[in-house]
Each structure stands twice: as structure tokens, then as C-alpha cells.
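Q: Have a look at this one.
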Amino acid sequence: MNSHILSPSWHRGAACADVDVDVFFPAATNAADRREALAICRPCPVREECLAEAMTEEGGRGKTSRFGIRGGKTPSARFHFHKATVKAQRDRLAVEAAA
């Protein structure tokens, strides 16, 4: 089956398009492999789209329920990014409600 049929068109422009997917799932204790994956993501022209997809798919999952390097972020970084985003939304709604 052609994977491009099931993938958003932005996947084709990703820096990782021709990289073995295992690179993005390094062992938690392997900092060198994690840096390698992050280095591939850093210049990627679709990093924001990738991160948005990861955040949508992961929703409110906890830190230990997120896997792999996606959108240039580790699972832990995505967890903290999600928490910060939710807090910012709550704060914004509280300000609007008080106005």
C-alpha cells in the first residue's frame, strides 16, 4: 500500500522522510541517539506540522504514554509543552471571563 495515500502531504517534505523510523525511538538512556534524532528534526521545514500532529494524537496523555522524537521534541518535552499550552488557555479564558 502506498503510505502517501494515508499520510498528510506535508510528510513528503519532512527531513525524516527517508530515514529509518527506529532512529526516532532511541532508548531512554541513549543520549547520543536522542541527539541524532533531534538533529534531524532541527532544520526540518515541517517540524511545526509534525509537532501539531503529535500533540493532537497524544492529547492529554501523561509523560510515560508519549513515545519517540516528534516535531523536534522528546516525549517529556511534549508533555511539558502540553501542560504549558493548557495552562495558557485556562489563563486566557479566566481573563476573558473576568472582563
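To be explicit about the labels: the chains of the C-alpha cells are called A, B, and onward in the order shown, and within each one the residues are counted from 1, while ligands get numbers from 1 in the order they are shown.
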Could you list, as a list in words, every residue within 12 Å of Ala77 in chain A, counting only C-alpha atoms and ignoring same-chain residues fewer than 6 positions away?

A: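 With the cut-off at 12 Å, the set is Leu38, Leu51, Ala54, Met55, Gly62, Lys63, Thr64, Arg66, Phe67, Gly68, Ile69, Arg70, Gly71, Lys83 and Ala84 of chain A.
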
Q: Excluding Ala37 in chain A and any residue of its chain fewer than 3 positions from it, enumerate the residues within 12 Å of it, using only C-alpha atoms, and give them as a PyMOL selection string.

A: chain A and resi 15-16+19-27+30-34+40-44+68-74

Q: Just how far from CA of His11 in chain A is CA of Ala39 in chain A, in Å to one decimal?

A: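 Straight-line distance from CA of Ala39 in chain A to CA of His11 in chain A works out to 17.5 Å.
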
Q: To one decimal place, how far is CA of Ala17 in chain A from CA of Pro75 in chain A in Å?

A: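 CA of Ala17 in chain A sits 20.1 Å away from CA of Pro75 in chain A.
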
Q: In Å to one decimal, how far is CA of Pro8 in chain A from CA of Gly60 in chain A?

A: 22.6 Å

Q: Using DSSP on the backbone, list every residue of range 30-83 of chain A that comes out as helix (DSSP H, G or I), and give them as an mmCIF file with all heavy atoms, in the first residue's frame.

A:
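The resulting file, part.cif, is shown below:
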```
data_model
loop_
_atom_site.group_PDB
_atom_site.id
_atom_site.type_symbol
_atom_site.label_atom_id
_atom_site.label_comp_id
_atom_site.auth_asym_id
_atom_site.auth_seq_id
_atom_site.Cartn_x
_atom_site.Cartn_y
_atom_site.Cartn_z
ATOM 1 N N ALA A 31 21.614 8.993 25.146
ATOM 2 C CA ALA A 31 21.601 10.424 24.815
ATOM 3 C C ALA A 31 22.137 10.700 23.416
ATOM 4 O O ALA A 31 21.636 11.591 22.726
ATOM 5 C CB ALA A 31 22.405 11.207 25.850
ATOM 6 N N ALA A 32 23.120 9.936 22.966
ATOM 7 C CA ALA A 32 23.701 10.165 21.632
ATOM 8 C C ALA A 32 22.665 9.903 20.539
ATOM 9 O O ALA A 32 22.548 10.688 19.589
ATOM 10 C CB ALA A 32 24.930 9.289 21.423
ATOM 11 N N ASP A 33 21.909 8.824 20.669
ATOM 12 C CA ASP A 33 20.869 8.527 19.682
ATOM 13 C C ASP A 33 19.751 9.563 19.729
ATOM 14 O O ASP A 33 19.192 9.942 18.696
ATOM 15 C CB ASP A 33 20.300 7.124 19.900
ATOM 16 C CG ASP A 33 21.236 6.025 19.441
ATOM 17 O OD1 ASP A 33 22.290 6.339 18.839
ATOM 18 O OD2 ASP A 33 20.923 4.841 19.685
ATOM 19 N N ARG A 34 19.420 10.026 20.931
ATOM 20 C CA ARG A 34 18.388 11.061 21.061
ATOM 21 C C ARG A 34 18.848 12.340 20.369
ATOM 22 O O ARG A 34 18.087 12.970 19.635
ATOM 23 C CB ARG A 34 18.090 11.304 22.543
ATOM 24 C CG ARG A 34 16.928 12.238 22.778
ATOM 25 C CD ARG A 34 16.520 12.332 24.241
ATOM 26 N NE ARG A 34 17.624 12.630 25.137
ATOM 27 C CZ ARG A 34 18.175 11.769 25.995
ATOM 28 N NH1 ARG A 34 17.730 10.533 26.073
ATOM 29 N NH2 ARG A 34 19.161 12.146 26.781
ATOM 30 N N ARG A 35 20.114 12.716 20.555
ATOM 31 C CA ARG A 35 20.650 13.918 19.895
ATOM 32 C C ARG A 35 20.641 13.755 18.377
ATOM 33 O O ARG A 35 20.368 14.714 17.650
ATOM 34 C CB ARG A 35 22.066 14.208 20.396
ATOM 35 C CG ARG A 35 22.104 14.842 21.762
ATOM 36 C CD ARG A 35 23.482 15.379 22.118
ATOM 37 N NE ARG A 35 24.502 14.343 22.112
ATOM 38 C CZ ARG A 35 24.844 13.600 23.164
ATOM 39 N NH1 ARG A 35 24.239 13.792 24.319
ATOM 40 N NH2 ARG A 35 25.794 12.684 23.063
ATOM 41 N N GLU A 36 20.914 12.537 17.898
ATOM 42 C CA GLU A 36 20.892 12.284 16.447
ATOM 43 C C GLU A 36 19.495 12.546 15.885
ATOM 44 O O GLU A 36 19.338 13.221 14.864
ATOM 45 C CB GLU A 36 21.309 10.841 16.148
ATOM 46 C CG GLU A 36 21.232 10.487 14.676
ATOM 47 C CD GLU A 36 21.501 9.007 14.391
ATOM 48 O OE1 GLU A 36 21.800 8.248 15.313
ATOM 49 O OE2 GLU A 36 21.375 8.641 13.208
ATOM 50 N N ALA A 37 18.481 12.030 16.548
ATOM 51 C CA ALA A 37 17.104 12.235 16.086
ATOM 52 C C ALA A 37 16.733 13.713 16.130
ATOM 53 O O ALA A 37 16.145 14.248 15.179
ATOM 54 C CB ALA A 37 16.136 11.417 16.940
ATOM 55 N N LEU A 38 17.081 14.384 17.214
ATOM 56 C CA LEU A 38 16.763 15.808 17.342
ATOM 57 C C LEU A 38 17.487 16.636 16.289
ATOM 58 O O LEU A 38 16.944 17.622 15.784
ATOM 59 C CB LEU A 38 17.102 16.297 18.752
ATOM 60 C CG LEU A 38 16.207 15.741 19.859
ATOM 61 C CD1 LEU A 38 16.792 16.059 21.225
ATOM 62 C CD2 LEU A 38 14.786 16.254 19.727
ATOM 63 N N ALA A 39 18.702 16.220 15.931
ATOM 64 C CA ALA A 39 19.465 16.930 14.891
ATOM 65 C C ALA A 39 18.798 16.805 13.529
ATOM 66 O O ALA A 39 18.855 17.732 12.722
ATOM 67 C CB ALA A 39 20.894 16.401 14.831
ATOM 68 N N ILE A 40 18.147 15.690 13.265
ATOM 69 C CA ILE A 40 17.411 15.521 12.004
ATOM 70 C C ILE A 40 16.202 16.450 11.992
ATOM 71 O O ILE A 40 15.892 17.083 10.982
ATOM 72 C CB ILE A 40 16.986 14.053 11.806
ATOM 73 C CG1 ILE A 40 18.229 13.177 11.592
ATOM 74 C CG2 ILE A 40 16.021 13.915 10.623
ATOM 75 C CD1 ILE A 40 17.967 11.686 11.674
ATOM 76 N N CYS A 41 15.539 16.571 13.132
ATOM 77 C CA CYS A 41 14.341 17.413 13.229
ATOM 78 C C CYS A 41 14.646 18.910 13.157
ATOM 79 O O CYS A 41 13.854 19.677 12.610
ATOM 80 C CB CYS A 41 13.612 17.153 14.547
ATOM 81 S SG CYS A 41 12.867 15.532 14.702
ATOM 82 N N ARG A 47 8.561 20.827 10.773
ATOM 83 C CA ARG A 47 8.634 20.477 12.195
ATOM 84 C C ARG A 47 7.375 20.912 12.950
ATOM 85 O O ARG A 47 6.869 20.178 13.799
ATOM 86 C CB ARG A 47 9.886 21.093 12.814
ATOM 87 C CG ARG A 47 10.139 20.597 14.225
ATOM 88 C CD ARG A 47 11.431 21.130 14.776
ATOM 89 N NE ARG A 47 11.330 22.581 14.896
ATOM 90 C CZ ARG A 47 12.337 23.418 14.744
ATOM 91 N NH1 ARG A 47 13.530 22.969 14.472
ATOM 92 N NH2 ARG A 47 12.157 24.711 14.870
ATOM 93 N N GLU A 48 6.861 22.083 12.656
ATOM 94 C CA GLU A 48 5.666 22.569 13.358
ATOM 95 C C GLU A 48 4.451 21.694 13.068
ATOM 96 O O GLU A 48 3.659 21.401 13.966
ATOM 97 C CB GLU A 48 5.387 24.021 13.001
ATOM 98 C CG GLU A 48 6.386 24.969 13.614
ATOM 99 C CD GLU A 48 6.063 26.420 13.324
ATOM 100 O OE1 GLU A 48 4.890 26.748 13.036
ATOM 101 O OE2 GLU A 48 6.999 27.240 13.399
ATOM 102 N N GLU A 49 4.299 21.278 11.814
ATOM 103 C CA GLU A 49 3.178 20.405 11.452
ATOM 104 C C GLU A 49 3.307 19.056 12.158
ATOM 105 O O GLU A 49 2.323 18.489 12.644
ATOM 106 C CB GLU A 49 3.114 20.190 9.938
ATOM 107 C CG GLU A 49 2.705 21.413 9.146
ATOM 108 C CD GLU A 49 3.879 22.320 8.756
ATOM 109 O OE1 GLU A 49 4.958 22.237 9.384
ATOM 110 O OE2 GLU A 49 3.697 23.120 7.828
ATOM 111 N N CYS A 50 4.527 18.551 12.225
ATOM 112 C CA CYS A 50 4.792 17.281 12.890
ATOM 113 C C CYS A 50 4.451 17.375 14.375
ATOM 114 O O CYS A 50 3.804 16.493 14.938
ATOM 115 C CB CYS A 50 6.259 16.892 12.689
ATOM 116 S SG CYS A 50 6.722 15.297 13.383
ATOM 117 N N LEU A 51 4.884 18.458 15.010
ATOM 118 C CA LEU A 51 4.588 18.647 16.428
ATOM 119 C C LEU A 51 3.087 18.785 16.659
ATOM 120 O O LEU A 51 2.541 18.200 17.591
ATOM 121 C CB LEU A 51 5.323 19.878 16.967
ATOM 122 C CG LEU A 51 5.084 20.194 18.437
ATOM 123 C CD1 LEU A 51 5.483 19.023 19.330
ATOM 124 C CD2 LEU A 51 5.833 21.461 18.826
ATOM 125 N N ALA A 52 2.414 19.518 15.801
ATOM 126 C CA ALA A 52 0.958 19.682 15.936
ATOM 127 C C ALA A 52 0.259 18.331 15.826
ATOM 128 O O ALA A 52 -0.667 18.042 16.597
ATOM 129 C CB ALA A 52 0.434 20.650 14.880
ATOM 130 N N GLU A 53 0.704 17.498 14.889
ATOM 131 C CA GLU A 53 0.104 16.172 14.741
ATOM 132 C C GLU A 53 0.346 15.331 15.992
ATOM 133 O O GLU A 53 -0.571 14.674 16.498
ATOM 134 C CB GLU A 53 0.670 15.468 13.513
ATOM 135 C CG GLU A 53 0.086 14.083 13.301
ATOM 136 C CD GLU A 53 0.644 13.424 12.058
ATOM 137 O OE1 GLU A 53 1.678 12.729 12.163
ATOM 138 O OE2 GLU A 53 0.029 13.612 10.994
ATOM 139 N N ALA A 54 1.565 15.372 16.516
ATOM 140 C CA ALA A 54 1.883 14.612 17.729
ATOM 141 C C ALA A 54 1.016 15.078 18.895
ATOM 142 O O ALA A 54 0.465 14.256 19.632
ATOM 143 C CB ALA A 54 3.362 14.762 18.077
ATOM 144 N N MET A 55 0.884 16.378 19.055
ATOM 145 C CA MET A 55 0.105 16.913 20.172
ATOM 146 C C MET A 55 -1.365 16.529 20.047
ATOM 147 O O MET A 55 -2.013 16.204 21.042
ATOM 148 C CB MET A 55 0.261 18.431 20.254
ATOM 149 C CG MET A 55 1.695 18.903 20.464
ATOM 150 S SD MET A 55 2.552 18.146 21.854
ATOM 151 C CE MET A 55 1.660 18.860 23.212
ATOM 152 N N THR A 56 -1.887 16.532 18.830
ATOM 153 C CA THR A 56 -3.278 16.134 18.611
ATOM 154 C C THR A 56 -3.462 14.653 18.926
ATOM 155 O O THR A 56 -4.418 14.272 19.605
ATOM 156 C CB THR A 56 -3.695 16.425 17.157
ATOM 157 O OG1 THR A 56 -3.605 17.837 16.938
ATOM 158 C CG2 THR A 56 -5.099 15.958 16.876
ATOM 159 N N GLU A 57 -2.557 13.828 18.441
ATOM 160 C CA GLU A 57 -2.661 12.391 18.670
ATOM 161 C C GLU A 57 -2.497 12.026 20.140
ATOM 162 O O GLU A 57 -3.169 11.134 20.644
ATOM 163 C CB GLU A 57 -1.614 11.637 17.847
ATOM 164 C CG GLU A 57 -1.907 11.634 16.373
ATOM 165 C CD GLU A 57 -0.803 10.976 15.565
ATOM 166 O OE1 GLU A 57 0.145 10.400 16.160
ATOM 167 O OE2 GLU A 57 -0.875 11.043 14.332
ATOM 168 N N GLU A 58 -1.588 12.719 20.834
ATOM 169 C CA GLU A 58 -1.310 12.369 22.223
ATOM 170 C C GLU A 58 -2.291 12.985 23.208
ATOM 171 O O GLU A 58 -2.466 12.475 24.315
ATOM 172 C CB GLU A 58 0.123 12.794 22.589
ATOM 173 C CG GLU A 58 1.159 12.009 21.842
ATOM 174 C CD GLU A 58 2.568 12.538 22.000
ATOM 175 O OE1 GLU A 58 2.750 13.716 22.405
ATOM 176 O OE2 GLU A 58 3.489 11.778 21.697
ATOM 177 N N LYS A 63 3.230 11.766 30.760
ATOM 178 C CA LYS A 63 4.601 11.755 30.272
ATOM 179 C C LYS A 63 5.031 10.356 29.831
ATOM 180 O O LYS A 63 5.733 10.207 28.843
ATOM 181 C CB LYS A 63 5.530 12.253 31.369
ATOM 182 C CG LYS A 63 6.930 12.523 30.906
ATOM 183 C CD LYS A 63 7.874 12.912 32.032
ATOM 184 C CE LYS A 63 7.399 14.083 32.819
ATOM 185 N NZ LYS A 63 8.398 14.572 33.784
ATOM 186 N N THR A 64 4.601 9.326 30.554
ATOM 187 C CA THR A 64 5.050 7.967 30.231
ATOM 188 C C THR A 64 4.225 7.312 29.126
ATOM 189 O O THR A 64 4.500 6.180 28.750
ATOM 190 C CB THR A 64 5.017 7.071 31.486
ATOM 191 O OG1 THR A 64 3.683 7.049 32.008
ATOM 192 C CG2 THR A 64 5.982 7.592 32.543
ATOM 193 N N SER A 65 3.256 8.015 28.591
ATOM 194 C CA SER A 65 2.434 7.484 27.494
ATOM 195 C C SER A 65 2.723 8.163 26.171
ATOM 196 O O SER A 65 1.931 8.102 25.241
ATOM 197 C CB SER A 65 0.950 7.651 27.836
ATOM 198 O OG SER A 65 0.630 6.898 28.973
ATOM 199 N N PRO A 75 9.517 12.965 24.249
ATOM 200 C CA PRO A 75 8.221 12.754 24.903
ATOM 201 C C PRO A 75 8.020 13.661 26.122
ATOM 202 O O PRO A 75 6.946 14.239 26.305
ATOM 203 C CB PRO A 75 8.275 11.275 25.302
ATOM 204 C CG PRO A 75 9.173 10.655 24.290
ATOM 205 C CD PRO A 75 10.234 11.700 24.034
ATOM 206 N N SER A 76 9.055 13.802 26.925
ATOM 207 C CA SER A 76 8.966 14.656 28.113
ATOM 208 C C SER A 76 8.730 16.115 27.723
ATOM 209 O O SER A 76 7.902 16.805 28.328
ATOM 210 C CB SER A 76 10.244 14.525 28.939
ATOM 211 O OG SER A 76 10.179 15.363 30.063
ATOM 212 N N ALA A 77 9.446 16.575 26.719
ATOM 213 C CA ALA A 77 9.274 17.964 26.265
ATOM 214 C C ALA A 77 7.862 18.194 25.736
ATOM 215 O O ALA A 77 7.270 19.255 25.981
ATOM 216 C CB ALA A 77 10.305 18.309 25.201
ATOM 217 N N ARG A 78 7.319 17.201 25.017
ATOM 218 C CA ARG A 78 5.943 17.348 24.516
ATOM 219 C C ARG A 78 4.947 17.366 25.668
ATOM 220 O O ARG A 78 3.971 18.112 25.635
ATOM 221 C CB ARG A 78 5.598 16.244 23.519
ATOM 222 C CG ARG A 78 6.335 16.376 22.209
ATOM 223 C CD ARG A 78 5.771 15.497 21.118
ATOM 224 N NE ARG A 78 5.577 14.117 21.486
ATOM 225 C CZ ARG A 78 6.520 13.157 21.452
ATOM 226 N NH1 ARG A 78 7.750 13.454 21.068
ATOM 227 N NH2 ARG A 78 6.233 11.919 21.780
ATOM 228 N N PHE A 79 5.180 16.579 26.704
ATOM 229 C CA PHE A 79 4.312 16.567 27.874
ATOM 230 C C PHE A 79 4.292 17.956 28.528
ATOM 231 O O PHE A 79 3.232 18.508 28.809
ATOM 232 C CB PHE A 79 4.782 15.506 28.866
ATOM 233 C CG PHE A 79 4.080 15.557 30.192
ATOM 234 C CD1 PHE A 79 2.776 15.106 30.322
ATOM 235 C CD2 PHE A 79 4.727 16.062 31.311
ATOM 236 C CE1 PHE A 79 2.122 15.164 31.539
ATOM 237 C CE2 PHE A 79 4.085 16.118 32.531
ATOM 238 C CZ PHE A 79 2.777 15.666 32.658
ATOM 239 N N HIS A 80 5.478 18.522 28.740
ATOM 240 C CA HIS A 80 5.555 19.839 29.369
ATOM 241 C C HIS A 80 4.996 20.933 28.459
ATOM 242 O O HIS A 80 4.365 21.881 28.943
ATOM 243 C CB HIS A 80 6.993 20.139 29.793
ATOM 244 C CG HIS A 80 7.443 19.261 30.919
ATOM 245 N ND1 HIS A 80 6.922 19.349 32.190
ATOM 246 C CD2 HIS A 80 8.327 18.242 30.946
ATOM 247 C CE1 HIS A 80 7.471 18.438 32.958
ATOM 248 N NE2 HIS A 80 8.333 17.743 32.222
ATOM 249 N N PHE A 81 5.186 20.797 27.164
ATOM 250 C CA PHE A 81 4.608 21.730 26.198
ATOM 251 C C PHE A 81 3.080 21.679 26.288
ATOM 252 O O PHE A 81 2.412 22.719 26.299
ATOM 253 C CB PHE A 81 5.090 21.379 24.793
ATOM 254 C CG PHE A 81 4.592 22.295 23.713
ATOM 255 C CD1 PHE A 81 5.108 23.569 23.571
ATOM 256 C CD2 PHE A 81 3.619 21.860 22.827
ATOM 257 C CE1 PHE A 81 4.649 24.405 22.566
ATOM 258 C CE2 PHE A 81 3.156 22.691 21.819
ATOM 259 C CZ PHE A 81 3.664 23.972 21.691
ATOM 260 N N HIS A 82 2.525 20.478 26.386
ATOM 261 C CA HIS A 82 1.073 20.322 26.505
ATOM 262 C C HIS A 82 0.569 20.993 27.782
ATOM 263 O O HIS A 82 -0.419 21.732 27.752
ATOM 264 C CB HIS A 82 0.692 18.833 26.507
ATOM 265 C CG HIS A 82 -0.746 18.596 26.836
ATOM 266 N ND1 HIS A 82 -1.757 18.836 25.924
ATOM 267 C CD2 HIS A 82 -1.348 18.168 27.963
ATOM 268 C CE1 HIS A 82 -2.926 18.567 26.488
ATOM 269 N NE2 HIS A 82 -2.692 18.153 27.722
ATOM 270 N N LYS A 83 1.251 20.736 28.895
ATOM 271 C CA LYS A 83 0.839 21.346 30.166
ATOM 272 C C LYS A 83 0.869 22.869 30.081
ATOM 273 O O LYS A 83 -0.056 23.536 30.541
ATOM 274 C CB LYS A 83 1.747 20.871 31.306
ATOM 275 C CG LYS A 83 1.435 19.481 31.780
ATOM 276 C CD LYS A 83 2.355 19.021 32.899
ATOM 277 C CE LYS A 83 2.366 19.957 34.062
ATOM 278 N NZ LYS A 83 3.172 19.468 35.202
#
```

Q: Using only C-alpha atoms, find the one residue out of A:Val46, A:Ala28, A:Ala94, A:Ala88 that sits nearest to Arg12 in chain A.

A: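 Among A:Val46, A:Ala28, A:Ala94, A:Ala88, it is A:Val46 that comes nearest to Arg12 in chain A.
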